[in-house]
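What follows is the content of structure.txt (compact mmCIF, C-alpha atoms).
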```txt
# COMPACT_ATOMS: atom_id res chain seq x y z
CA VAL G 40 3.98 -3.51 -31.74
CA ARG G 41 0.52 -2.00 -31.38
CA THR G 42 -0.34 -1.39 -27.74
CA ALA G 43 -3.64 -0.62 -26.02
CA ALA G 44 -4.41 0.33 -22.42
CA ILE G 45 -7.56 -0.66 -20.59
CA VAL G 46 -8.03 1.58 -17.57
CA VAL G 47 -10.60 0.03 -15.25
CA ALA G 48 -12.67 2.63 -13.40
CA ALA G 49 -15.99 0.82 -13.10
CA GLY G 50 -16.04 0.13 -9.35
CA ALA G 51 -18.74 1.34 -7.00
CA GLY G 52 -16.24 2.37 -4.31
CA GLU G 53 -17.95 0.53 -1.46
CA ARG G 54 -15.03 0.91 0.93
CA PHE G 55 -14.42 4.52 -0.08
CA GLY G 56 -18.05 5.62 0.24
CA SER G 57 -18.27 7.09 -3.26
CA ARG G 58 -16.64 6.59 -6.64
CA LYS G 59 -13.04 7.12 -5.66
CA GLN G 60 -11.93 6.83 -9.29
CA PHE G 61 -13.55 10.19 -10.02
CA ALA G 62 -12.39 11.95 -6.86
CA GLU G 63 -10.42 15.13 -7.52
CA LEU G 64 -6.67 14.93 -7.16
CA ALA G 65 -4.50 17.98 -7.86
CA GLY G 66 -6.77 19.44 -10.54
CA ARG G 67 -8.01 16.35 -12.33
CA SER G 68 -9.84 13.14 -11.56
CA THR G 69 -8.03 10.10 -10.19
CA ALA G 70 -9.03 8.27 -13.39
CA ALA G 71 -7.56 11.07 -15.52
CA TRP G 72 -4.18 10.67 -13.78
CA SER G 73 -4.30 6.93 -14.49
CA VAL G 74 -5.14 7.57 -18.16
CA GLU G 75 -2.42 10.21 -18.44
CA ALA G 76 0.26 7.77 -17.28
CA ALA G 77 -0.54 5.46 -20.22
CA ARG G 78 -0.40 8.32 -22.73
CA GLY G 79 2.71 8.22 -24.89
CA ILE G 80 3.24 4.51 -24.19
CA CYS G 81 -0.03 3.03 -25.45
CA ASP G 82 -1.47 3.74 -28.92
CA VAL G 83 -5.04 3.72 -27.70
CA ILE G 84 -6.52 4.10 -24.23
CA VAL G 85 -9.89 2.62 -23.34
CA LEU G 86 -11.50 3.76 -20.10
CA VAL G 87 -14.09 1.45 -18.52
CA VAL G 88 -16.60 3.26 -16.30
CA PRO G 89 -19.96 2.62 -14.63
CA PRO G 90 -22.80 2.60 -17.22
CA ASP G 91 -24.12 5.99 -16.06
CA ALA G 92 -20.71 7.68 -16.38
CA VAL G 93 -19.80 7.16 -20.06
CA ASP G 94 -20.27 10.86 -20.89
CA VAL G 95 -16.89 11.96 -19.45
CA ALA G 96 -13.71 10.68 -21.13
CA HIS G 97 -11.11 11.70 -18.49
CA GLY G 98 -8.60 11.98 -21.33
CA ALA G 99 -9.18 8.49 -22.77
CA ASP G 100 -9.71 7.78 -26.48
CA VAL G 101 -12.63 5.42 -25.96
CA VAL G 102 -15.06 5.15 -23.05
CA VAL G 103 -17.11 2.02 -22.50
CA ALA G 104 -19.54 0.83 -19.83
CA GLY G 105 -18.20 -1.78 -17.43
CA GLY G 106 -19.81 -4.93 -16.07
CA ALA G 107 -20.85 -6.17 -12.64
CA THR G 108 -17.35 -7.34 -11.69
CA ARG G 109 -13.80 -6.23 -12.37
CA ALA G 110 -13.24 -9.16 -14.74
CA ALA G 111 -16.42 -8.31 -16.66
CA SER G 112 -15.19 -4.72 -16.95
CA VAL G 113 -11.84 -5.86 -18.34
CA ARG G 114 -13.77 -7.92 -20.90
CA ALA G 115 -15.82 -4.84 -21.84
CA GLY G 116 -12.53 -3.08 -22.48
CA LEU G 117 -11.19 -6.00 -24.53
CA ALA G 118 -14.36 -6.00 -26.65
CA ALA G 119 -13.72 -2.36 -27.55
CA LEU G 120 -10.23 -3.05 -28.94
CA ASP G 121 -9.31 -3.46 -32.59
CA ALA G 122 -8.16 -6.93 -33.63
CA ASP G 123 -4.70 -5.63 -34.59
CA VAL G 124 -3.68 -4.81 -31.02
CA ASP G 125 -0.62 -6.88 -30.02
CA VAL G 126 -0.20 -5.98 -26.36
CA VAL G 127 -2.87 -5.00 -23.84
CA VAL G 128 -2.00 -3.16 -20.64
CA VAL G 129 -4.64 -3.38 -17.90
CA HIS G 130 -4.48 -0.68 -15.25
CA ASP G 131 -6.60 0.12 -12.21
CA ALA G 132 -7.83 3.73 -12.18
CA ALA G 133 -7.37 3.56 -8.40
CA ARG G 134 -3.58 3.68 -8.93
CA PRO G 135 -3.16 7.26 -10.16
CA LEU G 136 0.54 7.46 -9.28
CA ALA G 137 1.83 4.83 -11.69
CA THR G 138 4.35 6.47 -14.03
CA PRO G 139 4.77 6.23 -17.82
CA ALA G 140 8.11 4.52 -17.07
CA LEU G 141 6.24 1.69 -15.36
CA PHE G 142 3.92 1.28 -18.36
CA GLN G 143 7.02 1.17 -20.55
CA ALA G 144 8.70 -1.43 -18.31
CA VAL G 145 5.83 -3.92 -18.44
CA VAL G 146 5.36 -3.46 -22.21
CA ASP G 147 9.09 -3.94 -22.82
CA ALA G 148 9.13 -7.22 -20.87
CA ILE G 149 6.55 -8.86 -23.14
CA GLY G 150 7.89 -11.31 -25.69
CA VAL G 151 11.31 -11.71 -24.09
CA ASP G 152 12.05 -15.39 -23.27
CA GLY G 153 8.46 -16.41 -23.97
CA VAL G 154 6.96 -13.96 -21.51
CA VAL G 155 3.24 -13.41 -22.20
CA GLY G 156 2.52 -11.32 -19.09
CA ALA G 157 4.53 -8.71 -17.17
CA ILE G 158 3.35 -7.18 -13.93
CA PRO G 159 4.88 -4.73 -11.45
CA ALA G 160 5.38 -5.84 -7.88
CA ILE G 161 7.38 -4.84 -4.84
CA ASP G 162 9.06 -7.05 -2.28
CA LEU G 163 7.17 -7.41 0.98
CA VAL G 164 8.62 -5.75 4.06
CA ASP G 165 6.10 -7.14 6.55
CA THR G 166 5.64 -10.73 7.60
CA ILE G 167 2.46 -12.17 6.07
CA LYS G 168 0.17 -14.43 8.07
CA ARG G 169 -3.17 -16.06 7.48
CA VAL G 170 -5.93 -15.70 10.08
CA ASP G 171 -9.23 -17.53 10.51
CA ASP G 172 -12.65 -15.92 10.98
CA ASP G 173 -11.84 -15.33 14.67
CA ARG G 174 -8.61 -13.49 13.71
CA VAL G 175 -6.53 -16.32 15.19
CA VAL G 176 -3.28 -16.87 13.29
CA VAL G 177 -3.35 -20.17 11.42
CA GLU G 178 -0.22 -19.77 9.27
CA THR G 179 2.93 -17.67 8.90
CA LEU G 180 3.98 -17.63 5.26
CA GLU G 181 7.52 -18.35 4.19
CA ARG G 182 8.58 -14.86 3.12
CA SER G 183 11.11 -15.64 0.41
CA GLY G 184 9.85 -14.73 -3.03
CA LEU G 185 6.64 -13.07 -1.85
CA VAL G 186 5.74 -9.88 -3.70
CA ALA G 187 2.83 -7.42 -3.61
CA VAL G 188 1.39 -6.95 -7.07
CA GLN G 189 0.41 -3.65 -8.70
CA THR G 190 -0.91 -2.53 -12.06
CA PRO G 191 -0.31 -1.70 -14.96
CA GLN G 192 -0.14 -5.32 -16.13
CA ALA G 193 0.84 -6.04 -19.73
CA PHE G 194 -0.18 -9.13 -21.70
CA VAL G 195 0.03 -10.52 -25.19
CA ALA G 196 -3.44 -9.52 -26.42
CA ASP G 197 -4.49 -12.94 -27.67
CA VAL G 198 -3.33 -14.60 -24.46
CA LEU G 199 -5.41 -12.22 -22.33
CA ARG G 200 -8.45 -12.69 -24.58
CA ARG G 201 -8.17 -16.47 -24.28
CA ALA G 202 -7.70 -16.25 -20.50
CA HIS G 203 -11.00 -14.37 -20.28
CA GLU G 204 -12.94 -16.90 -22.39
CA GLY G 205 -15.77 -18.48 -20.47
CA ASP G 206 -16.11 -15.33 -18.35
CA PRO G 207 -13.98 -16.38 -15.36
CA GLU G 208 -14.03 -14.29 -12.20
CA ALA G 209 -10.75 -12.90 -10.86
CA THR G 210 -9.52 -9.71 -9.28
CA ASP G 211 -6.17 -10.23 -10.98
CA ASP G 212 -5.76 -10.70 -14.74
CA ALA G 213 -2.31 -12.21 -14.32
CA ALA G 214 -3.79 -15.06 -12.24
CA LEU G 215 -6.02 -16.00 -15.19
CA VAL G 216 -3.04 -16.04 -17.54
CA GLU G 217 -0.96 -18.05 -15.04
CA ALA G 218 -3.80 -20.56 -14.64
CA ALA G 219 -3.71 -21.06 -18.40
CA GLY G 220 0.00 -21.85 -18.16
CA GLY G 221 1.31 -18.52 -19.42
CA ARG G 222 4.73 -17.27 -18.33
CA VAL G 223 4.26 -14.12 -16.23
CA VAL G 224 7.22 -12.14 -14.92
CA VAL G 225 7.49 -9.47 -12.28
CA VAL G 226 9.16 -6.13 -12.99
CA GLN G 227 10.14 -3.70 -10.24
CA GLY G 228 7.06 -1.87 -9.00
CA GLU G 229 6.94 1.68 -7.62
CA PRO G 230 6.59 2.39 -3.89
CA ASP G 231 4.28 5.37 -4.55
CA ASN G 232 2.03 3.34 -6.83
CA ARG G 233 -0.35 2.38 -4.07
CA LYS G 234 -4.02 1.64 -4.54
CA VAL G 235 -6.31 4.41 -3.36
CA THR G 236 -8.81 2.57 -1.18
CA THR G 237 -9.60 5.01 1.61
CA ARG G 238 -9.84 8.78 1.96
CA ASP G 239 -6.52 8.67 3.82
CA ASP G 240 -4.98 7.02 0.76
CA LEU G 241 -6.32 9.89 -1.34
CA GLU G 242 -4.65 12.39 0.99
CA VAL G 243 -1.35 10.53 0.70
CA ALA G 244 -1.67 10.47 -3.10
CA ARG G 245 -2.38 14.21 -3.10
CA ALA G 246 0.74 14.86 -0.99
CA LEU G 247 2.90 12.66 -3.23
CA LEU G 248 1.64 14.38 -6.40
CA ALA G 249 2.32 17.80 -4.88
CA HIS G 250 5.86 16.61 -4.13
CA ARG G 251 6.57 15.75 -7.81
CA VAL A 143 -0.28 -7.31 35.32
CA ARG A 144 3.35 -6.25 35.10
CA THR A 145 4.30 -5.32 31.57
CA ALA A 146 7.68 -4.78 29.90
CA ALA A 147 8.59 -3.53 26.45
CA ILE A 148 11.60 -4.69 24.48
CA VAL A 149 12.37 -2.18 21.75
CA VAL A 150 14.72 -3.76 19.23
CA ALA A 151 17.14 -1.26 17.69
CA ALA A 152 20.18 -3.45 17.12
CA GLY A 153 20.17 -3.66 13.31
CA ALA A 154 23.02 -2.55 11.10
CA GLY A 155 20.71 -0.86 8.59
CA GLU A 156 22.17 -2.56 5.52
CA ARG A 157 19.32 -1.52 3.23
CA PHE A 158 19.19 1.99 4.66
CA GLY A 159 22.95 2.63 4.42
CA SER A 160 23.34 3.63 8.07
CA ARG A 161 21.63 2.92 11.38
CA LYS A 162 18.11 4.06 10.53
CA GLN A 163 16.97 3.48 14.12
CA PHE A 164 19.03 6.48 15.24
CA ALA A 165 18.13 8.74 12.31
CA GLU A 166 16.60 12.04 13.38
CA LEU A 167 12.86 12.39 13.04
CA ALA A 168 11.10 15.60 14.12
CA GLY A 169 13.51 16.41 16.92
CA ARG A 170 14.35 13.00 18.33
CA SER A 171 15.74 9.68 17.14
CA THR A 172 13.56 7.10 15.45
CA ALA A 173 14.28 4.78 18.38
CA ALA A 174 13.18 7.46 20.86
CA TRP A 175 9.78 7.75 19.12
CA SER A 176 9.39 3.97 19.37
CA VAL A 177 10.30 4.02 23.07
CA GLU A 178 7.96 6.95 23.71
CA ALA A 179 4.98 5.05 22.28
CA ALA A 180 5.45 2.32 24.91
CA ARG A 181 5.68 4.84 27.76
CA GLY A 182 2.56 4.90 29.91
CA ILE A 183 1.56 1.41 28.80
CA CYS A 184 4.59 -0.65 29.83
CA ASP A 185 6.09 -0.56 33.34
CA VAL A 186 9.64 -0.91 32.09
CA ILE A 187 11.17 -0.29 28.67
CA VAL A 188 14.33 -2.11 27.56
CA LEU A 189 16.09 -0.81 24.48
CA VAL A 190 18.36 -3.22 22.60
CA VAL A 191 21.09 -1.51 20.59
CA PRO A 192 24.35 -2.39 18.81
CA PRO A 193 27.14 -3.10 21.34
CA ASP A 194 28.90 0.20 20.59
CA ALA A 195 25.76 2.28 21.17
CA VAL A 196 24.77 1.44 24.75
CA ASP A 197 25.73 4.91 25.99
CA VAL A 198 22.54 6.63 24.75
CA ALA A 199 19.21 5.59 26.31
CA HIS A 200 16.78 7.26 23.84
CA GLY A 201 14.31 7.53 26.72
CA ALA A 202 14.41 3.85 27.72
CA ASP A 203 14.81 2.62 31.32
CA VAL A 204 17.39 -0.02 30.48
CA VAL A 205 19.77 -0.27 27.53
CA VAL A 206 21.41 -3.55 26.59
CA ALA A 207 23.66 -4.72 23.76
CA GLY A 208 22.00 -6.83 21.08
CA GLY A 209 23.17 -9.96 19.33
CA ALA A 210 24.06 -10.91 15.79
CA THR A 211 20.45 -11.49 14.73
CA ARG A 212 17.08 -10.00 15.57
CA ALA A 213 16.11 -13.08 17.59
CA ALA A 214 19.37 -12.92 19.56
CA SER A 215 18.64 -9.25 20.29
CA VAL A 216 15.16 -10.09 21.59
CA ARG A 217 16.78 -12.70 23.86
CA ALA A 218 19.21 -10.05 25.12
CA GLY A 219 16.18 -7.96 26.01
CA LEU A 220 14.46 -10.90 27.71
CA ALA A 221 17.58 -11.59 29.78
CA ALA A 222 17.44 -8.04 31.13
CA LEU A 223 13.88 -8.41 32.46
CA ASP A 224 12.90 -9.13 36.06
CA ALA A 225 11.30 -12.52 36.67
CA ASP A 226 8.03 -10.89 37.81
CA VAL A 227 7.14 -9.51 34.38
CA ASP A 228 3.84 -11.02 33.17
CA VAL A 229 3.56 -9.64 29.65
CA VAL A 230 6.35 -8.72 27.23
CA VAL A 231 5.76 -6.42 24.29
CA VAL A 232 8.35 -6.65 21.51
CA HIS A 233 8.57 -3.65 19.21
CA ASP A 234 10.80 -2.76 16.26
CA ALA A 235 12.48 0.60 16.66
CA ALA A 236 12.04 0.97 12.90
CA ARG A 237 8.29 1.53 13.46
CA PRO A 238 8.35 4.96 15.12
CA LEU A 239 4.71 5.74 14.31
CA ALA A 240 3.06 3.03 16.39
CA THR A 241 0.77 4.71 18.94
CA PRO A 242 0.29 4.06 22.68
CA ALA A 243 -3.24 2.92 21.77
CA LEU A 244 -1.75 0.10 19.70
CA PHE A 245 0.48 -0.98 22.62
CA GLN A 246 -2.62 -0.95 24.81
CA ALA A 247 -4.62 -3.00 22.31
CA VAL A 248 -2.11 -5.85 22.12
CA VAL A 249 -1.60 -5.91 25.89
CA ASP A 250 -5.36 -5.97 26.47
CA ALA A 251 -5.82 -8.96 24.15
CA ILE A 252 -3.49 -11.18 26.19
CA GLY A 253 -5.17 -13.73 28.46
CA VAL A 254 -8.61 -13.47 26.85
CA ASP A 255 -9.82 -16.89 25.59
CA GLY A 256 -6.41 -18.46 26.12
CA VAL A 257 -4.57 -15.95 23.96
CA VAL A 258 -0.82 -15.98 24.65
CA GLY A 259 0.20 -13.66 21.82
CA ALA A 260 -1.43 -10.59 20.26
CA ILE A 261 -0.05 -8.85 17.19
CA PRO A 262 -1.23 -5.93 15.05
CA ALA A 263 -1.85 -6.52 11.37
CA ILE A 264 -3.66 -4.91 8.49
CA ASP A 265 -5.61 -6.55 5.70
CA LEU A 266 -3.77 -6.76 2.41
CA VAL A 267 -4.97 -4.57 -0.44
CA ASP A 268 -2.63 -5.98 -3.09
CA THR A 269 -2.63 -9.44 -4.57
CA ILE A 270 0.32 -11.47 -3.25
CA LYS A 271 2.30 -13.75 -5.52
CA ARG A 272 5.39 -15.87 -5.15
CA VAL A 273 8.18 -15.56 -7.70
CA ASP A 274 11.20 -17.75 -8.38
CA ASP A 275 14.81 -16.57 -8.68
CA ASP A 276 14.13 -15.44 -12.27
CA ARG A 277 11.18 -13.32 -11.07
CA VAL A 278 8.76 -15.64 -12.86
CA VAL A 279 5.44 -15.99 -11.02
CA VAL A 280 5.04 -19.47 -9.56
CA GLU A 281 1.97 -18.92 -7.36
CA THR A 282 -0.86 -16.47 -6.71
CA LEU A 283 -1.93 -16.72 -3.09
CA GLU A 284 -5.56 -17.09 -2.08
CA ARG A 285 -6.14 -13.64 -0.60
CA SER A 286 -8.77 -14.40 2.03
CA GLY A 287 -7.43 -14.09 5.55
CA LEU A 288 -4.03 -12.74 4.55
CA VAL A 289 -2.72 -9.94 6.75
CA ALA A 290 0.50 -7.91 6.92
CA VAL A 291 1.96 -8.05 10.40
CA GLN A 292 3.37 -5.13 12.40
CA THR A 293 4.80 -4.61 15.86
CA PRO A 294 4.30 -4.06 18.85
CA GLN A 295 3.65 -7.75 19.57
CA ALA A 296 2.55 -8.77 23.08
CA PHE A 297 3.15 -12.17 24.65
CA VAL A 298 2.74 -13.94 27.95
CA ALA A 299 6.30 -13.55 29.25
CA ASP A 300 6.87 -17.23 30.07
CA VAL A 301 5.53 -18.31 26.70
CA LEU A 302 7.91 -15.97 24.85
CA ARG A 303 10.85 -17.12 26.98
CA ARG A 304 10.07 -20.77 26.23
CA ALA A 305 9.64 -20.02 22.52
CA HIS A 306 13.17 -18.59 22.48
CA GLU A 307 14.74 -21.57 24.26
CA GLY A 308 17.35 -23.29 22.12
CA ASP A 309 18.12 -19.98 20.41
CA PRO A 310 15.88 -20.38 17.33
CA GLU A 311 16.23 -17.94 14.45
CA ALA A 312 13.17 -15.98 13.33
CA THR A 313 12.39 -12.47 12.15
CA ASP A 314 8.99 -12.75 13.81
CA ASP A 315 8.49 -13.63 17.49
CA ALA A 316 4.88 -14.59 16.94
CA ALA A 317 5.97 -17.34 14.53
CA LEU A 318 8.04 -18.92 17.31
CA VAL A 319 5.08 -18.85 19.67
CA GLU A 320 2.76 -20.25 16.98
CA ALA A 321 5.24 -23.05 16.25
CA ALA A 322 5.07 -23.99 19.94
CA GLY A 323 1.28 -24.25 19.63
CA GLY A 324 0.43 -20.93 21.27
CA ARG A 325 -2.78 -19.12 20.38
CA VAL A 326 -1.89 -15.83 18.68
CA VAL A 327 -4.55 -13.32 17.64
CA VAL A 328 -4.45 -10.34 15.34
CA VAL A 329 -5.65 -6.92 16.44
CA GLN A 330 -6.29 -4.08 14.02
CA GLY A 331 -2.99 -2.52 12.97
CA GLU A 332 -2.39 1.10 12.03
CA PRO A 333 -1.93 2.22 8.41
CA ASP A 334 0.75 4.77 9.41
CA ASN A 335 2.69 2.18 11.41
CA ARG A 336 4.94 1.24 8.54
CA LYS A 337 8.48 -0.01 8.88
CA VAL A 338 11.12 2.55 8.00
CA THR A 339 13.37 0.68 5.60
CA THR A 340 14.51 3.30 3.11
CA ARG A 341 15.24 7.03 3.22
CA ASP A 342 11.94 7.60 1.41
CA ASP A 343 10.18 5.79 4.25
CA LEU A 344 11.86 8.17 6.67
CA GLU A 345 10.56 11.16 4.66
CA VAL A 346 7.04 9.74 4.75
CA ALA A 347 7.33 9.15 8.52
CA ARG A 348 8.52 12.74 8.96
CA ALA A 349 5.53 14.06 6.98
CA LEU A 350 3.09 11.91 8.96
CA LEU A 351 4.55 13.06 12.30
CA ALA A 352 4.33 16.70 11.21
CA HIS A 353 0.67 16.06 10.36
CA ARG A 354 -0.17 14.86 13.90
```
Could you render the structure from this file as structure tokens?
Amino acid sequence: VRTAAIVVAAGAGERFGSRKQFAELAGRSTAAWSVEAARGICDVIVLVVPPDAVDVAHGADVVVAGGATRAASVRAGLAALDADVDVVVVHDAARPLATPALFQAVVDAIGVDGVVGAIPAIDLVDTIKRVDDDRVVVETLERSGLVAVQTPQAFVADVLRRAHEGDPEATDDAALVEAAGGRVVVVQGEPDNRKVTTRDDLEVARALLAHR
Amino acid sequence: VRTAAIVVAAGAGERFGSRKQFAELAGRSTAAWSVEAARGICDVIVLVVPPDAVDVAHGADVVVAGGATRAASVRAGLAALDADVDVVVVHDAARPLATPALFQAVVDAIGVDGVVGAIPAIDLVDTIKRVDDDRVVVETLERSGLVAVQTPQAFVADVLRRAHEGDPEATDDAALVEAAGGRVVVVQGEPDNRKVTTRDDLEVARALLAHR
């Protein structure tokens, strides 16, 4: 099985205030940690960055310019892959604490019992509600079976390519594959594998890396 | 406005392996931190503990024995309150990092624009999906308006008492009030105010408290 990783690091970092994916974290960039986790599991690693940042590889094999949205950036990564790739693993550079074991787990789940997508997720501890624009609660969700999804997400390459045909928008590749009827399974996610969204998150990631 | 806190510390700690609410955290019990956060905001603090643990107050004014479920324990707390209490704040002892400011925020929101319940919550960063018993994804939830709910949760005392009439089961008091048609609003939660469920959570809580 030939496996490729697409590490998506093309965001503008609006919430963070700068490009969080290139923020320094224990001696290397956040993106470099995310690339490193795929190393040894994936045969080729494509890093997708903003168009003005293609000059630094952050440890990846191939660097390509991303698009205006996350989905467009994933497609830029797909376009850079050889046709003989069997499994594609999409990973957010903003999750620098994912481990190689997690990459391995999602790759291993592909192909078993007709599974075309495998994604990490953790059970929710908190009650989830939906609020309206005035922050009034309109719904409390039935909690059974609810999970919070992470990356890396592995897919049969052809299935992911087809799911992206017609340039759909989505913040979640698995949702595109599900919408096309593909069987997607959840593997156990990692508590530390949180998305770095704020500077506080970066501090927590720094502390967790120091602890390893 | 006369305000009472009910701090619920009656769980068996099945996931944790022991009673996490009494685990030591920077010099005092987890429950004591949760009681301390309510001090200065609430006029009286009732701590609800397992029946064999009523001999230690953990800083609370009143200690009562809890019931078999979380909802039964909240009712045990309600039964211990004077009739002249206007607002009840229910808090999980397993959230030792809630601040007095958060207690103040939920209490302040009560009574404004007909609000009978005010609960802290934070916006979700991760995509939420629902899986079946085989961990196959069956639904990706529309993310807009989804929030993860915390405690302390404040309610008009009479409204909470009525919501608990007939001894309903629920892990979330707000859901009972919503089901009765009460207007519940969300106030901004605190990122550090996570529920201590595992020993790792306790380590994180310890690190965050040391950081304060």
Practice item. Up to 6 Å from chain A, what residues of chain G turn up? Count only C-alpha atoms and give them as number ranges by chain. Key: G: 165-170, 174-176, 184-188, 223-225
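In this comparison, which uses only C-alpha atoms, the residue of G:Arg78, G:Ala62, G:Ala49, G:Asn232 approaching Asp91 of chain G most closely is G:Ala49.
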Up to 7 Å from (-4.4, 2.9, -28.9) in the file's coordinates: name the residues, counting only C-alpha atoms, as an mmCIF file with C-alpha atoms, in the frame of the given file.
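Below is the file selection_3.cif, written as the result:
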```cif
data_model
loop_
_atom_site.group_PDB
_atom_site.id
_atom_site.type_symbol
_atom_site.label_atom_id
_atom_site.label_comp_id
_atom_site.auth_asym_id
_atom_site.auth_seq_id
_atom_site.Cartn_x
_atom_site.Cartn_y
_atom_site.Cartn_z
ATOM 1 C CA THR G 42 -0.340 -1.390 -27.740
ATOM 2 C CA ALA G 43 -3.640 -0.620 -26.020
ATOM 3 C CA ALA G 44 -4.410 0.330 -22.420
ATOM 4 C CA CYS G 81 -0.030 3.030 -25.450
ATOM 5 C CA ASP G 82 -1.470 3.740 -28.920
ATOM 6 C CA VAL G 83 -5.040 3.720 -27.700
ATOM 7 C CA ILE G 84 -6.520 4.100 -24.230
#
```
Point to revise | Interatomic distance, atom CA of Asp234 of chain A to atom CA of Gly256 of chain A (Å, one decimal) | key: 25.3 Å
Check your understanding: What separation in Å, quoted to one decimal, exists between atom CA of Ala240 of chain A and atom CA of Lys59 of chain G?
Key -> 27.6 Å
Considering all atoms listed in the file, return as a CSV table (one decimal) with C-alpha atoms, in the coordinates of the input whatever protein or nucleic-acid residues lie within 12 Å of Val231 of chain A, sequence-local ones (same chain, fewer than 4 positions apart) excluded.
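Result file is around-v7.csv:
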```csv
chain,number,residue,atom,x,y,z
A,144,ARG,CA,3.4,-6.2,35.1
A,145,THR,CA,4.3,-5.3,31.6
A,146,ALA,CA,7.7,-4.8,29.9
A,147,ALA,CA,8.6,-3.5,26.4
A,148,ILE,CA,11.6,-4.7,24.5
A,149,VAL,CA,12.4,-2.2,21.8
A,150,VAL,CA,14.7,-3.8,19.2
A,177,VAL,CA,10.3,4.0,23.1
A,179,ALA,CA,5.0,5.0,22.3
A,180,ALA,CA,5.4,2.3,24.9
A,181,ARG,CA,5.7,4.8,27.8
A,183,ILE,CA,1.6,1.4,28.8
A,184,CYS,CA,4.6,-0.6,29.8
A,185,ASP,CA,6.1,-0.6,33.3
A,186,VAL,CA,9.6,-0.9,32.1
A,187,ILE,CA,11.2,-0.3,28.7
A,188,VAL,CA,14.3,-2.1,27.6
A,189,LEU,CA,16.1,-0.8,24.5
A,216,VAL,CA,15.2,-10.1,21.6
A,219,GLY,CA,16.2,-8.0,26.0
A,220,LEU,CA,14.5,-10.9,27.7
A,223,LEU,CA,13.9,-8.4,32.5
A,227,VAL,CA,7.1,-9.5,34.4
A,242,PRO,CA,0.3,4.1,22.7
A,244,LEU,CA,-1.8,0.1,19.7
A,245,PHE,CA,0.5,-1.0,22.6
A,246,GLN,CA,-2.6,-1.0,24.8
A,247,ALA,CA,-4.6,-3.0,22.3
A,248,VAL,CA,-2.1,-5.8,22.1
A,249,VAL,CA,-1.6,-5.9,25.9
A,250,ASP,CA,-5.4,-6.0,26.5
A,251,ALA,CA,-5.8,-9.0,24.2
A,252,ILE,CA,-3.5,-11.2,26.2
A,258,VAL,CA,-0.8,-16.0,24.6
A,259,GLY,CA,0.2,-13.7,21.8
A,260,ALA,CA,-1.4,-10.6,20.3
A,261,ILE,CA,0.0,-8.8,17.2
A,262,PRO,CA,-1.2,-5.9,15.0
A,293,THR,CA,4.8,-4.6,15.9
A,294,PRO,CA,4.3,-4.1,18.8
A,295,GLN,CA,3.6,-7.8,19.6
A,296,ALA,CA,2.6,-8.8,23.1
A,297,PHE,CA,3.2,-12.2,24.6
A,298,VAL,CA,2.7,-13.9,28.0
A,299,ALA,CA,6.3,-13.6,29.2
A,302,LEU,CA,7.9,-16.0,24.8
A,315,ASP,CA,8.5,-13.6,17.5
A,316,ALA,CA,4.9,-14.6,16.9
```
Review point. Between atom CA of Ala168 of chain A and atom CA of Glu229 of chain G, what is the distance, to one decimal in Å?
Key: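 Separation of atom CA of Ala168 of chain A and atom CA of Glu229 of chain G: 26.1 Å.
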**Study point:** Close residues, Asp309 of chain A itself excluded, 9 Å, only C-alpha atoms, min 2 positions apart in chain, as number ranges by chain
**Key:** A: 213-214, 217, 305-307, 311
Given the selection you just returned, output its residues as a file containing C-alpha atoms, formatted as a PDB file, keeping the file's coordinate frame.
```pdb
ATOM      1  CA  ALA A 213      16.110 -13.080  17.590  1.00  0.00           C
ATOM      2  CA  ALA A 214      19.370 -12.920  19.560  1.00  0.00           C
ATOM      3  CA  ARG A 217      16.780 -12.700  23.860  1.00  0.00           C
ATOM      4  CA  ALA A 305       9.640 -20.020  22.520  1.00  0.00           C
ATOM      5  CA  HIS A 306      13.170 -18.590  22.480  1.00  0.00           C
ATOM      6  CA  GLU A 307      14.740 -21.570  24.260  1.00  0.00           C
ATOM      7  CA  GLU A 311      16.230 -17.940  14.450  1.00  0.00           C
TER       8      GLU A 311
END
```
Would you mind completing segment 173-177 of chain A to N, CA, C and O atoms and writing the output as a PDB file, in the coordinates of the input?
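Here's the written file out.pdb:
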```pdb
ATOM      1  N   ALA A 173      14.396   5.676  17.231  1.00  0.00           N
ATOM      2  CA  ALA A 173      14.280   4.780  18.380  1.00  0.00           C
ATOM      3  C   ALA A 173      13.544   5.457  19.539  1.00  0.00           C
ATOM      4  O   ALA A 173      12.728   4.831  20.225  1.00  0.00           O
ATOM      5  N   ALA A 174      13.822   6.746  19.758  1.00  0.00           N
ATOM      6  CA  ALA A 174      13.180   7.460  20.860  1.00  0.00           C
ATOM      7  C   ALA A 174      11.660   7.560  20.656  1.00  0.00           C
ATOM      8  O   ALA A 174      10.892   7.465  21.619  1.00  0.00           O
ATOM      9  N   TRP A 175      11.226   7.740  19.394  1.00  0.00           N
ATOM     10  CA  TRP A 175       9.780   7.750  19.120  1.00  0.00           C
ATOM     11  C   TRP A 175       9.176   6.388  19.456  1.00  0.00           C
ATOM     12  O   TRP A 175       8.080   6.302  20.024  1.00  0.00           O
ATOM     13  N   SER A 176       9.906   5.321  19.114  1.00  0.00           N
ATOM     14  CA  SER A 176       9.390   3.970  19.370  1.00  0.00           C
ATOM     15  C   SER A 176       9.322   3.686  20.859  1.00  0.00           C
ATOM     16  O   SER A 176       8.385   3.041  21.330  1.00  0.00           O
ATOM     17  N   VAL A 177      10.316   4.176  21.616  1.00  0.00           N
ATOM     18  CA  VAL A 177      10.300   4.020  23.070  1.00  0.00           C
ATOM     19  C   VAL A 177       9.150   4.825  23.676  1.00  0.00           C
ATOM     20  O   VAL A 177       8.401   4.338  24.529  1.00  0.00           O
TER      21      VAL A 177
END
```
